[in-house]
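Note: the block below is query10.txt and it holds compact mmCIF, C-alpha atoms.
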# COMPACT_ATOMS: atom_id res chain seq x y z
CA MET A 76 117.55 -47.83 -140.49
CA THR A 77 119.94 -45.30 -139.02
CA LEU A 78 121.93 -42.66 -140.83
CA ASN A 79 125.09 -44.62 -140.06
CA ASN A 80 123.84 -47.68 -141.96
CA PHE A 81 123.81 -45.67 -145.16
CA LEU A 82 127.03 -43.81 -144.43
CA ILE A 83 129.01 -46.98 -143.73
CA LEU A 84 127.56 -48.72 -146.79
CA SER A 85 128.63 -45.78 -148.89
CA ALA A 86 132.07 -45.72 -147.24
CA PHE A 87 132.43 -49.38 -148.22
CA LEU A 88 131.40 -48.65 -151.81
CA PHE A 89 133.89 -45.78 -151.95
CA CYS A 90 136.75 -47.93 -150.67
CA THR A 91 135.88 -50.71 -153.13
CA GLY A 92 136.00 -48.15 -155.93
CA LEU A 93 139.34 -46.89 -154.65
CA TYR A 94 140.72 -50.43 -154.65
CA GLY A 95 139.51 -50.97 -158.20
CA THR A 96 140.97 -47.68 -159.39
CA LEU A 97 144.37 -48.56 -157.93
CA ALA A 98 144.52 -52.26 -158.75
CA ARG A 99 143.02 -52.58 -162.24
CA ARG A 100 145.05 -52.52 -165.45
CA ASN A 101 142.21 -52.21 -167.95
CA ALA A 102 141.24 -48.55 -168.47
CA VAL A 103 137.51 -49.32 -168.86
CA LEU A 104 137.53 -51.13 -165.51
CA VAL A 105 139.22 -48.13 -163.88
CA LEU A 106 136.42 -45.90 -165.17
CA MET A 107 133.85 -48.35 -163.73
CA SER A 108 135.55 -48.13 -160.34
CA ILE A 109 135.36 -44.34 -160.50
CA GLU A 110 131.61 -44.69 -161.10
CA LEU A 111 131.42 -46.78 -157.92
CA MET A 112 133.05 -43.94 -155.98
CA LEU A 113 130.68 -41.33 -157.43
CA ASN A 114 127.72 -43.52 -156.50
CA ALA A 115 128.96 -43.76 -152.93
CA VAL A 116 128.99 -39.96 -152.72
CA ASN A 117 125.46 -39.80 -154.14
CA LEU A 118 124.20 -42.29 -151.56
CA ASN A 119 125.73 -40.11 -148.83
CA LEU A 120 124.03 -36.98 -150.14
CA VAL A 121 120.60 -38.61 -150.43
CA ALA A 122 120.91 -40.18 -146.96
CA PHE A 123 121.68 -36.79 -145.44
CA SER A 124 118.83 -35.28 -147.45
CA ALA A 125 116.39 -37.77 -145.85
CA PHE A 126 117.96 -37.32 -142.43
CA ARG A 127 117.67 -33.53 -142.47
CA GLU A 128 114.41 -33.55 -144.50
CA ASN A 129 116.02 -31.02 -146.82
CA VAL A 130 115.87 -31.34 -150.60
CA THR A 131 119.29 -29.74 -151.27
CA GLY A 132 121.11 -33.07 -151.03
CA GLN A 133 118.96 -34.51 -153.80
CA VAL A 134 119.62 -31.48 -156.03
CA PHE A 135 123.35 -31.95 -155.57
CA SER A 136 123.14 -35.68 -156.29
CA LEU A 137 121.43 -34.81 -159.59
CA PHE A 138 124.35 -32.50 -160.41
CA ILE A 139 126.79 -35.33 -159.60
CA ILE A 140 124.89 -37.75 -161.87
CA THR A 141 125.14 -35.20 -164.72
CA ILE A 142 128.84 -34.67 -164.18
CA ALA A 143 129.42 -38.44 -164.02
CA ALA A 144 127.75 -38.80 -167.41
CA ALA A 145 130.02 -36.10 -168.88
CA GLU A 146 133.06 -37.70 -167.25
CA VAL A 147 132.32 -41.15 -168.67
CA GLY A 148 131.76 -39.69 -172.15
CA VAL A 149 135.10 -37.89 -172.24
CA GLY A 150 136.90 -40.72 -170.41
CA LEU A 151 135.77 -43.38 -172.85
CA ALA A 152 136.71 -41.12 -175.79
CA ILE A 153 140.24 -40.84 -174.34
CA VAL A 154 140.37 -44.63 -173.80
CA LEU A 155 139.33 -45.17 -177.43
CA LEU A 156 142.11 -42.83 -178.57
CA ILE A 157 144.68 -44.67 -176.43
CA TYR A 158 143.46 -47.96 -177.89
CA ARG A 159 143.69 -46.59 -181.43
CA ASN A 160 147.25 -45.36 -180.91
CA SER A 161 148.77 -48.28 -178.99
CA ARG A 162 146.32 -51.18 -179.72
CA SER A 163 145.94 -51.75 -175.99
CA VAL A 164 143.97 -50.35 -173.06
CA ASP A 165 146.55 -51.55 -170.54
CA LEU A 166 147.25 -48.53 -168.34
CA ASP A 167 150.68 -49.89 -167.34
CA GLN A 168 151.76 -49.56 -170.99
CA ALA A 169 150.31 -46.07 -171.46
CA ASP A 170 153.48 -44.35 -170.24
CA GLN A 171 154.37 -42.16 -173.24
CA LEU A 172 154.26 -39.05 -171.07
CA LYS A 173 156.73 -40.50 -168.58
CA GLY A 174 160.02 -38.54 -168.54
CA MET B 267 101.91 -47.39 -133.29
CA PRO B 268 102.31 -51.08 -134.29
CA PHE B 269 101.91 -50.04 -137.92
CA VAL B 270 104.77 -47.52 -137.65
CA LEU B 271 106.92 -50.11 -135.90
CA SER B 272 106.31 -52.82 -138.50
CA THR B 273 107.01 -50.34 -141.33
CA MET B 274 110.34 -49.47 -139.74
CA VAL B 275 111.25 -53.13 -139.30
CA ALA B 276 110.37 -53.78 -142.95
CA GLN B 277 112.51 -50.82 -144.05
CA THR B 278 115.46 -52.09 -142.02
CA VAL B 279 115.11 -55.60 -143.45
CA VAL B 280 114.95 -54.24 -147.02
CA PHE B 281 117.97 -52.04 -146.32
CA TRP B 282 120.08 -54.98 -145.17
CA ILE B 283 119.08 -57.20 -148.09
CA LEU B 284 119.98 -54.41 -150.54
CA ALA B 285 123.19 -53.62 -148.66
CA VAL B 286 124.41 -57.24 -148.79
CA VAL B 287 123.63 -57.49 -152.51
CA MET B 288 125.37 -54.16 -153.21
CA VAL B 289 128.49 -55.11 -151.22
CA ALA B 290 128.78 -58.46 -153.01
CA ALA B 291 128.26 -56.87 -156.43
CA ALA B 292 130.75 -54.06 -155.69
CA ILE B 293 133.38 -56.67 -154.84
CA GLY B 294 132.41 -58.40 -158.07
CA VAL B 295 133.07 -55.20 -160.04
CA VAL B 296 136.65 -54.94 -158.78
CA ARG B 297 137.42 -58.69 -158.70
CA ALA B 298 135.77 -60.05 -161.88
CA GLN B 299 138.26 -61.44 -164.39
CA ASN B 300 135.94 -60.76 -167.31
CA VAL B 301 135.25 -57.17 -168.36
CA VAL B 302 131.63 -57.81 -169.39
CA HIS B 303 130.90 -59.52 -166.06
CA ALA B 304 132.29 -56.46 -164.26
CA ALA B 305 129.88 -54.24 -166.23
CA LEU B 306 126.96 -56.51 -165.28
CA TYR B 307 127.98 -56.41 -161.61
CA LEU B 308 128.06 -52.60 -161.93
CA VAL B 309 124.42 -52.72 -163.10
CA VAL B 310 123.53 -54.60 -159.88
CA VAL B 311 125.28 -51.97 -157.72
CA LEU B 312 123.56 -49.09 -159.55
CA ALA B 313 120.12 -50.73 -159.30
CA GLY B 314 120.70 -51.36 -155.60
CA ALA B 315 121.57 -47.70 -155.13
CA ALA B 316 118.35 -46.71 -156.93
CA ALA B 317 116.39 -48.99 -154.59
CA GLN B 318 118.09 -47.37 -151.58
CA TYR B 319 117.03 -43.96 -152.91
CA ILE B 320 113.41 -45.16 -153.04
CA LEU B 321 113.82 -46.40 -149.45
CA LEU B 322 114.98 -42.88 -148.56
CA VAL B 323 111.90 -41.35 -150.28
CA ALA B 324 114.01 -39.77 -153.04
CA GLU B 325 111.85 -41.01 -155.87
CA PHE B 326 112.96 -38.60 -158.59
CA VAL B 327 116.67 -39.21 -157.95
CA ALA B 328 116.00 -42.96 -158.05
CA TRP B 329 114.45 -42.81 -161.50
CA VAL B 330 117.12 -40.45 -162.79
CA GLN B 331 119.65 -42.98 -161.50
CA VAL B 332 117.93 -45.77 -163.44
CA LEU B 333 117.62 -43.68 -166.61
CA ILE B 334 121.09 -42.14 -166.72
CA TYR B 335 123.31 -44.69 -164.98
CA ILE B 336 121.75 -47.99 -166.00
CA GLY B 337 120.25 -46.70 -169.24
CA ALA B 338 123.06 -44.56 -170.58
CA ILE B 339 126.35 -44.96 -168.73
CA VAL B 340 126.38 -48.76 -168.63
CA ILE B 341 125.51 -48.87 -172.36
CA LEU B 342 128.41 -46.48 -172.94
CA PHE B 343 130.67 -48.84 -170.98
CA LEU B 344 129.50 -51.81 -173.05
CA PHE B 345 130.25 -49.84 -176.23
CA GLY B 346 133.69 -49.00 -174.84
CA ILE B 347 134.35 -52.68 -174.08
CA MET B 348 133.18 -53.63 -177.58
CA LEU B 349 135.27 -50.97 -179.35
CA THR B 350 138.44 -51.76 -177.43
CA ARG B 351 137.87 -55.42 -178.32
CA ALA B 352 138.30 -56.69 -174.79
CA PRO B 353 138.71 -60.43 -175.23
CA MET B 354 136.16 -62.62 -173.50
CA LYS B 355 139.03 -64.67 -172.17
CA PRO B 356 141.73 -62.12 -171.28
CA ASP B 357 145.27 -63.11 -172.24
CA GLY B 358 146.79 -61.25 -169.31
CA PRO B 359 145.45 -60.63 -165.82
CA LEU B 360 143.16 -57.61 -165.46
CA ASP B 361 144.85 -56.58 -162.21
CA ASN B 362 148.27 -55.01 -161.90
CA ASN B 363 150.92 -55.84 -159.33
CA GLN B 364 149.81 -53.16 -156.83
CA ARG B 365 146.90 -55.31 -155.66
CA PHE B 366 148.23 -55.83 -152.15
CA ALA B 367 149.08 -52.17 -151.58
CA ALA B 368 145.72 -51.08 -152.99
CA GLY B 369 143.93 -53.49 -150.66
CA VAL B 370 145.85 -52.16 -147.66
CA VAL B 371 145.09 -48.53 -148.60
CA SER B 372 141.37 -49.09 -149.12
CA LEU B 373 140.97 -51.24 -145.98
CA PHE B 374 142.77 -48.55 -143.99
CA LEU B 375 140.52 -45.83 -145.43
CA PHE B 376 137.43 -47.93 -144.70
CA GLY B 377 138.54 -48.44 -141.10
CA VAL B 378 139.24 -44.74 -140.59
CA LEU B 379 135.91 -43.70 -142.16
CA THR B 380 133.94 -46.26 -140.14
CA ALA B 381 135.53 -45.21 -136.86
CA LEU B 382 134.93 -41.55 -137.71
CA LEU B 383 131.27 -42.13 -138.68
CA ILE B 384 130.51 -44.17 -135.56
CA ASP B 385 132.13 -41.44 -133.48
CA ALA B 386 130.24 -38.63 -135.24
CA TYR B 387 126.81 -40.16 -135.98
CA GLY B 388 126.70 -43.24 -133.72
CA ASP B 389 123.89 -41.77 -131.60
CA ALA B 390 121.99 -40.04 -134.43
CA PRO B 391 118.25 -40.72 -134.39
CA GLN B 392 116.64 -43.18 -136.81
CA ILE B 393 115.55 -42.00 -140.24
CA HIS B 394 111.74 -42.09 -140.36
CA PRO B 395 110.48 -41.90 -143.94
CA LYS B 396 107.21 -40.03 -143.51
CA ALA B 397 104.39 -38.96 -145.79
CA SER B 398 105.63 -35.36 -145.62
CA MET B 399 108.96 -36.43 -147.17
CA VAL B 400 107.20 -37.74 -150.28
CA LEU B 401 106.37 -34.15 -151.21
CA LYS B 402 109.93 -33.05 -150.42
CA GLY B 403 111.41 -35.60 -152.82
CA SER B 404 108.93 -34.88 -155.60
CA PRO B 405 110.08 -33.41 -158.93
CA THR B 406 108.19 -30.21 -158.03
CA ALA B 407 110.18 -29.63 -154.86
CA ILE B 408 113.50 -30.51 -156.54
CA ALA B 409 112.76 -28.26 -159.52
CA SER B 410 111.79 -25.30 -157.38
CA SER B 411 114.92 -25.71 -155.26
CA MET B 412 117.11 -26.09 -158.36
CA PHE B 413 115.68 -23.12 -160.23
CA ARG B 414 115.37 -20.81 -157.22
CA ASN B 415 118.55 -21.48 -155.29
CA TYR B 416 120.87 -23.29 -157.69
CA LEU B 417 120.18 -21.67 -161.05
CA VAL B 418 123.80 -20.67 -161.72
CA PRO B 419 125.22 -24.16 -160.98
CA PHE B 420 122.48 -25.57 -163.22
CA GLU B 421 123.58 -23.35 -166.12
CA VAL B 422 127.24 -24.15 -165.46
CA VAL B 423 126.44 -27.89 -165.57
CA SER B 424 124.61 -27.44 -168.86
CA MET B 425 127.65 -25.68 -170.35
CA LEU B 426 129.85 -28.47 -168.96
CA LEU B 427 127.67 -31.08 -170.68
CA LEU B 428 127.92 -29.17 -173.97
CA ALA B 429 131.70 -28.91 -173.62
CA ALA B 430 131.98 -32.62 -172.78
CA LEU B 431 129.82 -33.51 -175.78
CA VAL B 432 131.93 -31.47 -178.19
CA GLY B 433 135.15 -32.63 -176.53
CA ALA B 434 134.23 -36.31 -176.76
CA VAL B 435 133.39 -35.95 -180.45
CA VAL B 436 136.64 -34.09 -181.17
CA ILE B 437 138.78 -36.59 -179.25
CA ALA B 438 137.19 -39.73 -180.69
CA ARG B 439 136.91 -38.51 -184.30
CA ARG B 440 138.95 -40.54 -186.72
CA ASP B 441 141.18 -38.28 -188.80
Would you kindly transcribe this structure into structure tokens?
Amino acid sequence: MTLNNFLILSAFLFCTGLYGTLARRNAVLVLMSIELMLNAVNLNLVAFSAFRENVTGQVFSLFIITIAAAEVGVGLAIVLLIYRNSRSVDLDQADQLKG
Amino acid sequence: MPFVLSTMVAQTVVFWILAVVMVAAAIGVVRAQNVVHAALYLVVVLAGAAAQYILLVAEFVAWVQVLIYIGAIVILFLFGIMLTRAPMKPDGPLDNNQRFAAGVVSLFLFGVLTALLIDAYGDAPQIHPKASMVLKGSPTAIASSMFRNYLVPFEVVSMLLLAALVGAVVIARRD
């Protein structure tokens, strides 16, 4: 169980989340992929916290969990508003702001 | 000594089992053609991450992960899926036409990150979860660090939560 095991696992999770964010059309699925990326960062922080035997990494991962909760709340509210206005959560059709 | 050795072997075995499950479920999140299945795969990834935290002797973070991510955020996602009436059988594909480019970008990033990590931490010593780390990951230690060293960020996060709460209500209100 080396530090690199955890770091590479979290790099994989981050890249999977990046793929999902870029390749999905459904807005709820894009938000889920963003959660994957935030989790990868958390895993990194906790792994470094255990490696250095320093509690700061865990404190910061708690902050990230809080911010992720706030982000999902506001994000889903925006998705609901988009759905109410255009009857669809397809991000390719949500181009009203396009010039 | 044999006890320490067998503990480390057990930790490594548990890590690899969890890692394989998490990788498979993460691919499931981005590949599933059913929105509810993607949410259920996300639960598996989040629970695997919580188990990894326990493996790293971060007990409090693990239970916060279970409470907030699996207990609250996934339920929020399921409500979002329900309210946007995602059909069980989608009429169109859930992926857009940038799939190939997105795959190239994320594979490239994964390759770069892996090479960089092996270069930087390839010879780092093993992580030995010890009895002394149990105290370091306890709620007492986290609370004293948070309220001694990170009090201002804590207050800022609480204001952010309040603002997000009010903002979500204002955005989603129907009138």
Neighbours of chain B in chain A at 6 Å, counting all atoms listed in the file, as a count of residues only: 14
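Picture a line from CA of Gln299 in chain B to CA of Gly92 in chain A; it runs 15.9 Å.
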Non-local contacts of Ile157 in chain A (10 Å; all atoms listed in the file; under 4 positions in same chain excluded) as a list in words: Ala102, Leu151, Ala152, Ile153, Ser161, Arg162, Ser163, Val164, Asp165, Leu166 and Ala169 of chain A; Thr350 and Ala438 of chain B
Among the residues B:Val418, B:Ile336, B:Ile341, B:Ala317, the one that comes closest to Val121 in chain A [using only C-alpha atoms]: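 Closest candidate: B:Ala317.
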Two-atom distance - CA of Leu120 in chain A, CA of Gly132 in chain A (Å): 5.0 Å
One-decimal distance in Å that lies between CA of Leu172 in chain A and CA of Leu111 in chain A: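 Between these atoms lies a distance of 27.5 Å.
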